[in-house]
>>> print(open('target27.pdb').read())   # PDB, C-alpha atoms and all ligand atoms
ATOM      1  CA  MET A  28     -15.327 114.000-107.373  1.00  0.00           C
ATOM      2  CA  THR A  29     -15.411 116.488-110.253  1.00  0.00           C
ATOM      3  CA  GLU A  30     -12.329 118.424-111.376  1.00  0.00           C
ATOM      4  CA  LEU A  31     -13.298 122.126-111.544  1.00  0.00           C
ATOM      5  CA  ALA A  32     -11.423 122.702-114.794  1.00  0.00           C
ATOM      6  CA  TYR A  33     -12.572 126.351-115.153  1.00  0.00           C
ATOM      7  CA  LEU A  34     -10.574 127.330-112.039  1.00  0.00           C
ATOM      8  CA  SER A  35      -7.014 126.679-113.150  1.00  0.00           C
ATOM      9  CA  ASP A  36      -6.047 129.885-114.946  1.00  0.00           C
ATOM     10  CA  GLY A  37      -7.367 132.848-116.919  1.00  0.00           C
ATOM     11  CA  ALA A  38      -7.575 130.900-120.194  1.00  0.00           C
ATOM     12  CA  ALA A  39      -9.667 128.140-118.578  1.00  0.00           C
ATOM     13  CA  GLY A  40     -12.466 130.672-118.049  1.00  0.00           C
ATOM     14  CA  TYR A  41     -12.723 131.032-121.851  1.00  0.00           C
ATOM     15  CA  VAL A  42     -13.157 127.331-122.677  1.00  0.00           C
ATOM     16  CA  ARG A  43     -16.596 126.827-124.228  1.00  0.00           C
ATOM     17  CA  THR A  44     -16.494 123.183-125.344  1.00  0.00           C
ATOM     18  CA  PHE A  45     -14.782 120.275-123.648  1.00  0.00           C
ATOM     19  CA  ARG A  46     -14.765 116.487-123.437  1.00  0.00           C
ATOM     20  CA  ALA A  47     -15.443 114.598-120.225  1.00  0.00           C
ATOM     21  CA  ARG A  48     -16.633 111.234-118.911  1.00  0.00           C
ATOM     22  CA  VAL A  49     -19.836 110.502-116.980  1.00  0.00           C
ATOM     23  CA  THR A  50     -19.040 109.246-113.466  1.00  0.00           C
ATOM     24  CA  ALA A  51     -22.524 109.161-111.877  1.00  0.00           C
ATOM     25  CA  LEU A  52     -26.165 109.624-112.871  1.00  0.00           C
ATOM     26  CA  PRO A  53     -28.207 110.890-109.911  1.00  0.00           C
ATOM     27  CA  PRO A  54     -31.951 111.421-110.710  1.00  0.00           C
ATOM     28  CA  GLY A  55     -32.278 114.221-113.298  1.00  0.00           C
ATOM     29  CA  GLY A  56     -28.571 114.955-113.220  1.00  0.00           C
ATOM     30  CA  VAL A  57     -25.151 114.042-114.571  1.00  0.00           C
ATOM     31  CA  VAL A  58     -21.816 114.055-112.736  1.00  0.00           C
ATOM     32  CA  LEU A  59     -18.672 114.331-114.892  1.00  0.00           C
ATOM     33  CA  ASP A  60     -15.016 113.635-114.097  1.00  0.00           C
ATOM     34  CA  ARG A  61     -14.237 117.247-115.078  1.00  0.00           C
ATOM     35  CA  THR A  62     -16.291 120.279-116.018  1.00  0.00           C
ATOM     36  CA  TYR A  63     -16.063 123.829-117.318  1.00  0.00           C
ATOM     37  CA  PHE A  64     -19.660 124.546-116.236  1.00  0.00           C
ATOM     38  CA  TYR A  65     -19.683 126.954-113.291  1.00  0.00           C
ATOM     39  CA  PRO A  66     -21.915 125.653-110.453  1.00  0.00           C
ATOM     40  CA  VAL A  67     -24.028 128.325-108.736  1.00  0.00           C
ATOM     41  CA  GLY A  68     -22.246 129.914-105.792  1.00  0.00           C
ATOM     42  CA  GLY A  69     -20.521 133.013-104.469  1.00  0.00           C
ATOM     43  CA  GLY A  70     -23.255 135.224-105.932  1.00  0.00           C
ATOM     44  CA  GLN A  71     -22.604 134.016-109.494  1.00  0.00           C
ATOM     45  CA  PRO A  72     -25.410 132.084-111.252  1.00  0.00           C
ATOM     46  CA  ALA A  73     -24.829 128.633-112.717  1.00  0.00           C
ATOM     47  CA  ASP A  74     -23.848 128.140-116.325  1.00  0.00           C
ATOM     48  CA  GLN A  75     -26.235 126.598-118.821  1.00  0.00           C
ATOM     49  CA  GLY A  76     -25.563 124.773-122.086  1.00  0.00           C
ATOM     50  CA  SER A  77     -25.672 121.203-123.365  1.00  0.00           C
ATOM     51  CA  LEU A  78     -24.117 117.752-123.148  1.00  0.00           C
ATOM     52  CA  ARG A  79     -23.817 115.681-126.324  1.00  0.00           C
ATOM     53  CA  LEU A  80     -22.914 112.088-127.167  1.00  0.00           C
ATOM     54  CA  ALA A  81     -20.907 111.131-130.256  1.00  0.00           C
ATOM     55  CA  ASP A  82     -24.114 109.988-132.083  1.00  0.00           C
ATOM     56  CA  GLY A  83     -25.574 113.502-131.716  1.00  0.00           C
ATOM     57  CA  THR A  84     -28.026 112.799-128.891  1.00  0.00           C
ATOM     58  CA  SER A  85     -27.997 115.863-126.645  1.00  0.00           C
ATOM     59  CA  TRP A  86     -29.380 117.156-123.364  1.00  0.00           C
ATOM     60  CA  ALA A  87     -29.910 120.757-122.341  1.00  0.00           C
ATOM     61  CA  VAL A  88     -28.187 121.694-119.057  1.00  0.00           C
ATOM     62  CA  SER A  89     -30.552 123.982-117.132  1.00  0.00           C
ATOM     63  CA  ASP A  90     -28.717 124.279-113.817  1.00  0.00           C
ATOM     64  CA  VAL A  91     -25.424 123.263-112.225  1.00  0.00           C
ATOM     65  CA  THR A  92     -24.899 122.745-108.502  1.00  0.00           C
ATOM     66  CA  ARG A  93     -22.246 121.488-106.086  1.00  0.00           C
ATOM     67  CA  SER A  94     -22.952 118.322-104.118  1.00  0.00           C
ATOM     68  CA  GLY A  95     -19.976 117.755-101.845  1.00  0.00           C
ATOM     69  CA  ALA A  96     -16.955 117.231-104.108  1.00  0.00           C
ATOM     70  CA  ALA A  97     -19.167 116.528-107.146  1.00  0.00           C
ATOM     71  CA  VAL A  98     -20.756 118.936-109.626  1.00  0.00           C
ATOM     72  CA  VAL A  99     -24.278 117.945-110.725  1.00  0.00           C
ATOM     73  CA  HIS A 100     -25.446 119.096-114.193  1.00  0.00           C
ATOM     74  CA  ARG A 101     -29.266 119.185-114.251  1.00  0.00           C
ATOM     75  CA  ILE A 102     -30.561 117.910-117.582  1.00  0.00           C
ATOM     76  CA  GLY A 103     -33.922 117.617-119.333  1.00  0.00           C
ATOM     77  CA  ARG A 104     -35.190 115.047-121.836  1.00  0.00           C
ATOM     78  CA  PRO A 105     -32.773 113.910-124.536  1.00  0.00           C
ATOM     79  CA  LYS A 106     -32.922 115.060-128.160  1.00  0.00           C
ATOM     80  CA  GLY A 107     -32.058 111.796-129.904  1.00  0.00           C
ATOM     81  CA  GLY A 108     -32.271 108.100-129.210  1.00  0.00           C
ATOM     82  CA  ALA A 109     -29.226 107.239-127.111  1.00  0.00           C
ATOM     83  CA  SER A 110     -28.998 107.246-123.348  1.00  0.00           C
ATOM     84  CA  LEU A 111     -26.254 108.154-120.917  1.00  0.00           C
ATOM     85  CA  THR A 112     -24.463 105.523-118.879  1.00  0.00           C
ATOM     86  CA  VAL A 113     -21.644 105.753-116.388  1.00  0.00           C
ATOM     87  CA  GLY A 114     -18.470 105.833-118.493  1.00  0.00           C
ATOM     88  CA  SER A 115     -20.110 107.624-121.467  1.00  0.00           C
ATOM     89  CA  GLU A 116     -17.848 110.169-123.167  1.00  0.00           C
ATOM     90  CA  ILE A 117     -19.639 113.452-123.761  1.00  0.00           C
ATOM     91  CA  GLU A 118     -18.913 116.844-125.237  1.00  0.00           C
ATOM     92  CA  GLY A 119     -20.063 119.723-123.059  1.00  0.00           C
ATOM     93  CA  GLU A 120     -20.858 123.123-124.534  1.00  0.00           C
ATOM     94  CA  LEU A 121     -21.494 126.266-122.480  1.00  0.00           C
ATOM     95  CA  ASP A 122     -24.065 128.949-123.256  1.00  0.00           C
ATOM     96  CA  TRP A 123     -21.175 131.316-123.944  1.00  0.00           C
ATOM     97  CA  ALA A 124     -23.174 134.556-124.123  1.00  0.00           C
ATOM     98  CA  ARG A 125     -24.571 133.880-120.635  1.00  0.00           C
ATOM     99  CA  ARG A 126     -21.228 132.821-119.152  1.00  0.00           C
ATOM    100  CA  HIS A 127     -19.306 135.739-120.650  1.00  0.00           C
ATOM    101  CA  ARG A 128     -21.902 138.191-119.275  1.00  0.00           C
ATOM    102  CA  HIS A 129     -21.326 136.679-115.823  1.00  0.00           C
ATOM    103  CA  MET A 130     -17.549 137.021-116.286  1.00  0.00           C
ATOM    104  CA  ARG A 131     -17.967 140.725-117.150  1.00  0.00           C
ATOM    105  CA  LEU A 132     -20.388 141.298-114.277  1.00  0.00           C
ATOM    106  CA  HIS A 133     -18.223 139.484-111.760  1.00  0.00           C
ATOM    107  CA  THR A 134     -15.091 141.415-112.735  1.00  0.00           C
ATOM    108  CA  ALA A 135     -17.113 144.651-112.653  1.00  0.00           C
ATOM    109  CA  GLN A 136     -18.217 143.792-109.116  1.00  0.00           C
ATOM    110  CA  HIS A 137     -14.611 143.258-107.979  1.00  0.00           C
ATOM    111  CA  LEU A 138     -13.556 146.578-109.511  1.00  0.00           C
ATOM    112  CA  VAL A 139     -16.464 148.562-108.023  1.00  0.00           C
ATOM    113  CA  SER A 140     -15.980 146.948-104.582  1.00  0.00           C
ATOM    114  CA  ALA A 141     -12.289 147.870-104.748  1.00  0.00           C
ATOM    115  CA  ARG A 142     -12.918 151.492-105.736  1.00  0.00           C
ATOM    116  CA  VAL A 143     -15.632 151.884-103.054  1.00  0.00           C
ATOM    117  CA  PHE A 144     -13.150 150.550-100.488  1.00  0.00           C
ATOM    118  CA  ALA A 145     -10.381 152.846-101.754  1.00  0.00           C
ATOM    119  CA  ARG A 146     -12.626 155.925-101.680  1.00  0.00           C
ATOM    120  CA  THR A 147     -14.738 155.280 -98.551  1.00  0.00           C
ATOM    121  CA  GLY A 148     -13.151 152.452 -96.554  1.00  0.00           C
ATOM    122  CA  LEU A 149     -16.417 150.487 -96.840  1.00  0.00           C
ATOM    123  CA  ARG A 150     -16.021 146.745 -97.370  1.00  0.00           C
ATOM    124  CA  THR A 151     -18.295 144.406 -99.330  1.00  0.00           C
ATOM    125  CA  ARG A 152     -20.273 141.828 -97.320  1.00  0.00           C
ATOM    126  CA  ARG A 153     -21.876 140.002-100.251  1.00  0.00           C
ATOM    127  CA  ALA A 154     -22.560 140.391-103.954  1.00  0.00           C
ATOM    128  CA  THR A 155     -25.074 138.834-106.329  1.00  0.00           C
ATOM    129  CA  MET A 156     -25.326 138.762-110.103  1.00  0.00           C
ATOM    130  CA  ALA A 157     -28.297 138.188-112.421  1.00  0.00           C
ATOM    131  CA  GLY A 158     -28.903 139.155-116.049  1.00  0.00           C
ATOM    132  CA  THR A 159     -26.857 142.302-116.699  1.00  0.00           C
ATOM    133  CA  GLY A 160     -27.007 143.576-113.111  1.00  0.00           C
ATOM    134  CA  ALA A 161     -25.165 142.999-109.853  1.00  0.00           C
ATOM    135  CA  THR A 162     -25.703 144.184-106.299  1.00  0.00           C
ATOM    136  CA  ILE A 163     -22.997 144.916-103.750  1.00  0.00           C
ATOM    137  CA  ASP A 164     -24.009 144.948-100.090  1.00  0.00           C
ATOM    138  CA  LEU A 165     -21.711 147.225 -98.102  1.00  0.00           C
ATOM    139  CA  GLU A 166     -21.007 146.931 -94.392  1.00  0.00           C
ATOM    140  CA  ALA A 167     -22.435 150.377 -93.529  1.00  0.00           C
ATOM    141  CA  GLY A 168     -24.491 153.261 -94.880  1.00  0.00           C
ATOM    142  CA  TRP A 169     -23.358 155.230 -97.921  1.00  0.00           C
ATOM    143  CA  PRO A 170     -21.262 158.295 -96.981  1.00  0.00           C
ATOM    144  CA  GLU A 171     -22.705 161.615 -98.192  1.00  0.00           C
ATOM    145  CA  GLY A 172     -19.293 162.813 -99.347  1.00  0.00           C
ATOM    146  CA  LEU A 173     -19.013 160.571-102.417  1.00  0.00           C
ATOM    147  CA  ALA A 174     -21.304 161.340-105.354  1.00  0.00           C
ATOM    148  CA  ILE A 175     -22.233 158.431-107.611  1.00  0.00           C
ATOM    149  CA  PRO A 176     -21.161 160.214-110.852  1.00  0.00           C
ATOM    150  CA  ASP A 177     -17.708 160.738-109.305  1.00  0.00           C
ATOM    151  CA  LEU A 178     -17.442 157.070-108.365  1.00  0.00           C
ATOM    152  CA  GLU A 179     -18.661 156.068-111.831  1.00  0.00           C
ATOM    153  CA  ALA A 180     -15.946 158.202-113.449  1.00  0.00           C
ATOM    154  CA  ASP A 181     -13.359 156.716-111.078  1.00  0.00           C
ATOM    155  CA  VAL A 182     -14.431 153.164-111.997  1.00  0.00           C
ATOM    156  CA  GLY A 183     -14.496 154.151-115.687  1.00  0.00           C
ATOM    157  CA  SER A 184     -10.851 155.223-115.542  1.00  0.00           C
ATOM    158  CA  PHE A 185      -9.949 151.566-114.895  1.00  0.00           C
ATOM    159  CA  LEU A 186     -11.961 150.388-117.915  1.00  0.00           C
ATOM    160  CA  GLY A 187     -10.918 152.699-120.726  1.00  0.00           C
ATOM    161  CA  PRO A 188      -7.229 151.861-121.133  1.00  0.00           C
ATOM    162  CA  GLY A 189      -7.885 148.309-119.894  1.00  0.00           C
ATOM    163  CA  ARG A 190      -6.217 146.630-116.911  1.00  0.00           C
ATOM    164  CA  PRO A 191      -5.044 143.018-117.017  1.00  0.00           C
ATOM    165  CA  VAL A 192      -6.868 140.623-114.689  1.00  0.00           C
ATOM    166  CA  ALA A 193      -4.660 137.806-113.387  1.00  0.00           C
ATOM    167  CA  ILE A 194      -5.255 134.671-111.332  1.00  0.00           C
ATOM    168  CA  ARG A 195      -2.658 133.855-108.694  1.00  0.00           C
ATOM    169  CA  HIS A 196      -2.608 130.972-106.213  1.00  0.00           C
ATOM    170  CA  VAL A 197      -0.934 131.902-102.909  1.00  0.00           C
ATOM    171  CA  SER A 198      -0.438 129.997 -99.669  1.00  0.00           C
ATOM    172  CA  ARG A 199      -2.924 130.652 -96.861  1.00  0.00           C
ATOM    173  CA  VAL A 200      -0.090 132.004 -94.699  1.00  0.00           C
ATOM    174  CA  GLU A 201       0.826 134.524 -97.403  1.00  0.00           C
ATOM    175  CA  PHE A 202      -2.833 135.473 -97.868  1.00  0.00           C
ATOM    176  CA  GLU A 203      -3.382 136.165 -94.149  1.00  0.00           C
ATOM    177  CA  LYS A 204      -0.466 138.620 -93.974  1.00  0.00           C
ATOM    178  CA  PHE A 205      -2.412 141.606 -95.332  1.00  0.00           C
ATOM    179  CA  PRO A 206      -6.015 141.422 -94.029  1.00  0.00           C
ATOM    180  CA  SER A 207      -6.434 145.210 -93.893  1.00  0.00           C
ATOM    181  CA  ALA A 208      -5.872 145.574 -97.647  1.00  0.00           C
ATOM    182  CA  ARG A 209      -8.934 143.535 -98.645  1.00  0.00           C
ATOM    183  CA  SER A 210     -12.143 145.104 -99.918  1.00  0.00           C
ATOM    184  CA  GLY A 211     -14.291 142.067 -99.055  1.00  0.00           C
ATOM    185  CA  LEU A 212     -15.584 140.744 -95.736  1.00  0.00           C
ATOM    186  CA  VAL A 213     -16.389 137.195 -96.825  1.00  0.00           C
ATOM    187  CA  ALA A 214     -14.603 134.739 -94.514  1.00  0.00           C
ATOM    188  CA  LEU A 215     -12.712 131.911 -96.202  1.00  0.00           C
ATOM    189  CA  ALA A 216     -13.256 128.387 -94.880  1.00  0.00           C
ATOM    190  CA  PRO A 217     -10.242 127.332 -92.802  1.00  0.00           C
ATOM    191  CA  GLN A 218      -9.326 124.459 -95.163  1.00  0.00           C
ATOM    192  CA  VAL A 219      -8.895 126.770 -98.189  1.00  0.00           C
ATOM    193  CA  ASP A 220      -5.161 126.592 -98.985  1.00  0.00           C
ATOM    194  CA  PRO A 221      -3.799 127.667-101.403  1.00  0.00           C
ATOM    195  CA  VAL A 222      -6.039 130.682-101.957  1.00  0.00           C
ATOM    196  CA  ARG A 223      -7.083 131.690-105.470  1.00  0.00           C
ATOM    197  CA  ILE A 224      -6.595 135.438-105.850  1.00  0.00           C
ATOM    198  CA  ILE A 225      -8.109 137.515-108.642  1.00  0.00           C
ATOM    199  CA  GLU A 226      -5.897 140.538-109.301  1.00  0.00           C
ATOM    200  CA  ILE A 227      -6.969 143.587-111.262  1.00  0.00           C
ATOM    201  CA  ASP A 228      -3.785 145.458-112.098  1.00  0.00           C
ATOM    202  CA  GLU A 229      -3.290 148.436-109.740  1.00  0.00           C
ATOM    203  CA  ALA A 230      -6.848 148.122-108.414  1.00  0.00           C
ATOM    204  CA  ASP A 231      -7.639 144.978-106.454  1.00  0.00           C
ATOM    205  CA  ALA A 232      -6.552 141.554-105.204  1.00  0.00           C
ATOM    206  CA  CYS A 233      -9.357 139.466-103.794  1.00  0.00           C
ATOM    207  CA  PRO A 234      -9.949 135.761-103.120  1.00  0.00           C
ATOM    208  CA  CYS A 235     -12.597 134.274-105.407  1.00  0.00           C
ATOM    209  CA  GLY A 236     -13.644 130.984-107.009  1.00  0.00           C
ATOM    210  CA  GLY A 237     -15.736 132.576-109.751  1.00  0.00           C
ATOM    211  CA  THR A 238     -15.061 133.313-113.419  1.00  0.00           C
ATOM    212  CA  HIS A 239     -13.711 136.661-114.666  1.00  0.00           C
ATOM    213  CA  VAL A 240     -12.601 138.369-117.874  1.00  0.00           C
ATOM    214  CA  ARG A 241      -8.895 138.669-118.713  1.00  0.00           C
ATOM    215  CA  ASN A 242      -8.885 142.454-119.078  1.00  0.00           C
ATOM    216  CA  THR A 243     -11.191 145.156-117.695  1.00  0.00           C
ATOM    217  CA  ALA A 244     -11.576 146.595-121.231  1.00  0.00           C
ATOM    218  CA  GLU A 245     -13.768 143.568-121.966  1.00  0.00           C
ATOM    219  CA  ILE A 246     -16.361 144.640-119.349  1.00  0.00           C
ATOM    220  CA  GLY A 247     -17.693 147.631-121.318  1.00  0.00           C
ATOM    221  CA  PRO A 248     -19.302 150.611-119.568  1.00  0.00           C
ATOM    222  CA  ILE A 249     -20.474 150.188-115.947  1.00  0.00           C
ATOM    223  CA  ALA A 250     -23.452 152.216-114.696  1.00  0.00           C
ATOM    224  CA  LEU A 251     -23.998 152.692-110.945  1.00  0.00           C
ATOM    225  CA  ARG A 252     -27.201 153.510-109.080  1.00  0.00           C
ATOM    226  CA  ARG A 253     -27.407 155.489-105.863  1.00  0.00           C
ATOM    227  CA  PRO A 254     -27.158 153.036-102.914  1.00  0.00           C
ATOM    228  CA  THR A 255     -30.237 152.163-100.899  1.00  0.00           C
ATOM    229  CA  PRO A 256     -30.183 151.510 -97.144  1.00  0.00           C
ATOM    230  CA  LEU A 257     -30.599 147.926 -95.921  1.00  0.00           C
ATOM    231  CA  PRO A 258     -31.767 146.735 -92.492  1.00  0.00           C
ATOM    232  CA  GLY A 259     -28.945 146.594 -89.964  1.00  0.00           C
ATOM    233  CA  GLY A 260     -27.233 149.738 -91.251  1.00  0.00           C
ATOM    234  CA  GLU A 261     -25.824 148.201 -94.449  1.00  0.00           C
ATOM    235  CA  SER A 262     -26.333 149.713 -97.875  1.00  0.00           C
ATOM    236  CA  ARG A 263     -26.803 148.218-101.322  1.00  0.00           C
ATOM    237  CA  LEU A 264     -25.055 149.564-104.406  1.00  0.00           C
ATOM    238  CA  SER A 265     -26.333 148.327-107.782  1.00  0.00           C
ATOM    239  CA  LEU A 266     -24.435 148.209-111.045  1.00  0.00           C
ATOM    240  CA  THR A 267     -25.318 147.250-114.580  1.00  0.00           C
ATOM    241  CA  VAL A 268     -23.244 146.383-117.623  1.00  0.00           C
ATOM    242  CA  SER A 269     -24.468 146.766-121.190  1.00  0.00           C
ATOM    243  CA  GLU A 270     -25.421 143.941-123.551  1.00  0.00           C
ATOM    244  CA  LEU A 271     -22.319 143.193-125.602  1.00  0.00           C
ATOM    245  CA  ALA A 272     -21.582 140.373-128.012  1.00  0.00           C
ATOM    246  CA  PRO A 273     -19.090 137.997-126.374  1.00  0.00           C
ATOM    247  CA  PRO A 274     -15.666 137.548-127.973  1.00  0.00           C
ATOM    248  CA  THR A 275     -15.039 134.384-129.953  1.00  0.00           C
ATOM    249  CA  PRO A 276     -11.544 133.374-128.869  1.00  0.00           C
ATOM    250  CA  ALA A 277     -10.080 130.030-129.814  1.00  0.00           C
ATOM    251  CA  ALA A 278      -9.297 129.685-126.074  1.00  0.00           C
TER     252      ALA A 278
HETATM  253 ZN    ZN A 301     -14.864 136.942-108.389  1.00  0.00          ZN
END
>>> encode(input="target27.pdb", output="structure tokens")
Amino acid sequence: MTELAYLSDGAAGYVRTFRARVTALPPGGVVLDRTYFYPVGGGQPADQGSLRLADGTSWAVSDVTRSGAAVVHRIGRPKGGASLTVGSEIEGELDWARRHRHMRLHTAQHLVSARVFARTGLRTRRATMAGTGATIDLEAGWPEGLAIPDLEADVGSFLGPGRPVAIRHVSRVEFEKFPSARSGLVALAPQVDPVRIIEIDEADACPCGGTHVRNTAEIGPIALRRPTPLPGGESRLSLTVSELAPPTPAA
């Protein structure tokens, strides 16, 4: 089992280097007792980075996946002469520019989904992120009454002054009390309790296991494209964020 250390609170999402112990070595992969690498899922791509032993031998991490309760870090050939064994102590380092872009994109997606829901009543069925772009698949066609520049300005009003983004863990019973207030349609597995809620101040509260920025001001400008129809009557709204240098907090 791997402890998902990036989940605990807002600060954990900003940890870029960490120490951990190797607990298993499946072919081409490494399982650690704890990790800050995000494994692909929920529309958010996996983190990349490196694992390093005390003697300097290092391995690039190209992909990270869940395997039951374990997280598998996919590694290539080592740079250096040492080899990994179960029990080895390693230092993990994330590709911070990549991870921080995903944090900005993911928070942008929450905010846009929330403002679409507030303005149109349309809920989000699924979302995906890649590079500097994300797509939001809505449950129905785009209503003619809402122009994209108006929605973009609406979303922008939540970026400029900056809104805090908080992580709250609530009981499943508490979470189920207000189903009509949620902008997303993704069903939670029945065993999820407590529920991890990502709250954008005065904008949104939505269950999520991904990584997010601490304040919407960190996202930078969000550009929206006119939605396209999808089969089955859904529609797809696309957003992009700009390339920005990530912050260098001490975490
Ligand atoms: Zn999220």
>>> residues_near_ligand(input="target27.pdb", ligand="ligand ZN 301 (chain A)", cutoff="6 Å", atoms="all atoms listed in the file", output="number ranges by chain")
A: 133, 235, 237
>>> residues_around(input="target27.pdb", residues="A:Pro274", least_positions_apart="4", cutoff="9 Å", atoms="all atoms listed in the file", output="PyMOL selection string")
chain A and resi 124+127+245
>>> resolve_selection(input="target27.pdb", expression="the PyMOL selection byres (((chain A and resi 102) around 7) and not hetatm)", output="ChimeraX atom specification")
/A:55-56,86-89,100-101,103-104
>>> closest_residue(input="target27.pdb", among="A:Gly187, A:Gly211, A:Gly259, A:Pro217", to="A:Arg199", atoms="only C-alpha atoms")
A:Pro217
>>> residues_around(input="target27.pdb", residues="A:Arg48", least_positions_apart="6", cutoff="6 Å", atoms="all atoms listed in the file", output="ChimeraX atom specification")
/A:59-60,114-116
>>> axis_aligned_box(input="target27.pdb", around="stretch 32-45 of chain A", padding_each_side="4 Å", output="JSON")
{"center_x": -11.3, "center_y": 126.6, "center_z": -118.7, "size_x": 18.5, "size_y": 20.6, "size_z": 21.3}
>>> resolve_selection(input="target27.pdb", expression="the PyMOL selection byres (((chain A and resi 143) around 12) and not hetatm)", output="CSV table (one decimal) with C-alpha atoms, keeping the file's coordinate frame")
chain,number,residue,atom,x,y,z
A,136,GLN,CA,-18.2,143.8,-109.1
A,137,HIS,CA,-14.6,143.3,-108.0
A,138,LEU,CA,-13.6,146.6,-109.5
A,139,VAL,CA,-16.5,148.6,-108.0
A,140,SER,CA,-16.0,146.9,-104.6
A,141,ALA,CA,-12.3,147.9,-104.7
A,142,ARG,CA,-12.9,151.5,-105.7
A,144,PHE,CA,-13.2,150.6,-100.5
A,145,ALA,CA,-10.4,152.8,-101.8
A,146,ARG,CA,-12.6,155.9,-101.7
A,147,THR,CA,-14.7,155.3,-98.6
A,148,GLY,CA,-13.2,152.5,-96.6
A,149,LEU,CA,-16.4,150.5,-96.8
A,150,ARG,CA,-16.0,146.7,-97.4
A,151,THR,CA,-18.3,144.4,-99.3
A,163,ILE,CA,-23.0,144.9,-103.8
A,164,ASP,CA,-24.0,144.9,-100.1
A,165,LEU,CA,-21.7,147.2,-98.1
A,166,GLU,CA,-21.0,146.9,-94.4
A,167,ALA,CA,-22.4,150.4,-93.5
A,169,TRP,CA,-23.4,155.2,-97.9
A,170,PRO,CA,-21.3,158.3,-97.0
A,173,LEU,CA,-19.0,160.6,-102.4
A,174,ALA,CA,-21.3,161.3,-105.4
A,175,ILE,CA,-22.2,158.4,-107.6
A,177,ASP,CA,-17.7,160.7,-109.3
A,178,LEU,CA,-17.4,157.1,-108.4
A,179,GLU,CA,-18.7,156.1,-111.8
A,181,ASP,CA,-13.4,156.7,-111.1
A,182,VAL,CA,-14.4,153.2,-112.0
A,209,ARG,CA,-8.9,143.5,-98.6
A,210,SER,CA,-12.1,145.1,-99.9
A,211,GLY,CA,-14.3,142.1,-99.1
A,230,ALA,CA,-6.8,148.1,-108.4
A,231,ASP,CA,-7.6,145.0,-106.5
A,251,LEU,CA,-24.0,152.7,-110.9
A,254,PRO,CA,-27.2,153.0,-102.9
A,263,ARG,CA,-26.8,148.2,-101.3
A,264,LEU,CA,-25.1,149.6,-104.4
>>> residues_around(input="target27.pdb", residues="A:Gly189", least_positions_apart="5", cutoff="7 Å", atoms="only C-alpha atoms", output="list of chain:residue names")
A:Asn242, A:Thr243, A:Ala244
>>> atom_distance(input="target27.pdb", atom1="atom CA of A:Ala157", atom2="atom CA of A:Glu270")
12.9 Å
>>> atom_distance(input="target27.pdb", atom1="atom CA of A:Thr238", atom2="atom CA of A:Lys106")
29.5 Å
>>> closest_residue(input="target27.pdb", among="A:Cys233, A:Ile117, A:Val58, A:Met130", to="A:Arg46", atoms="all atoms listed in the file")
A:Ile117
>>> resolve_selection(input="target27.pdb", expression="the PyMOL selection byres (((chain A and resi 239) around 12) and not hetatm)", output="JSON, numbers by chain")
{"A": [33, 34, 36, 37, 38, 39, 40, 41, 65, 71, 126, 127, 128, 129, 130, 131, 132, 133, 134, 135, 136, 137, 138, 191, 192, 193, 194, 224, 225, 226, 227, 235, 236, 237, 238, 240, 241, 242, 243, 245, 246]}
